[in-house]
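Working notes for the structure below.
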Amino acid sequence: QTQASFDGSAELQLVVLRSKDLDCSAAFYRLLGLDLTRHRHGEGPEHWSTVGRSGIFEIYPFTTGSLSTQGTRVGFRVASVDEVVSKLKNLYPTSVLSAPRDSEWGRRAVLMDPDGHKIELTEI
């Protein structure tokens, strides 16, 4: 399997997901280890945001007329896939789509957040 790579001219900087329940989504992503805080830019909607080494991750409200991000798949590296999945299973029992297992990319699992986004975890 061949993977393309960036040539240095572009880097991922921002990921924005839409949520029907901002607080529920924020709680889910906090269990992954994200340090989310509330933000509002000018007259825009209140949302959750965090800045990490690989860019900005934000959760905006899904409202009538906004485009859905459902079906989006986002990946995070975490210290322990097994530990994160264990925490999530207690609060979100149906969130685990693929249990932790070893793969060619390392230990990984696939989850579904409360809004239907697929979340891939890979162990650091």
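Residue numbering restarts at 1 for every chain of the structure tokens, chains are lettered A, B, ... in their displayed order, and ligands are numbered from 1 as they appear.
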
- Query: If we count only C-alpha atoms, what is near Ser54 in chain A at a cut-off of 9 Å, once residues fewer than 4 positions away on the same chain are taken out, given as a PyMOL selection string?
  - Reply: chain A and resi 11-14

- Message: as JSON, numbers by chain, please: the residues near Met112 in chain A (cut-off 12 Å, only C-alpha atoms, same-chain neighbours under 2 positions excluded).
- Response: {"A": [25, 28, 29, 70, 71, 72, 73, 74, 75, 85, 88, 89, 92, 93, 94, 95, 96, 97, 98, 99, 109, 110, 114, 115, 116, 117, 118, 119, 120, 121]}

- Task: Using DSSP on the backbone, list every residue of chain A that comes out as helix (DSSP H, G or I), and give them as a count of residues only.
- Result: 21
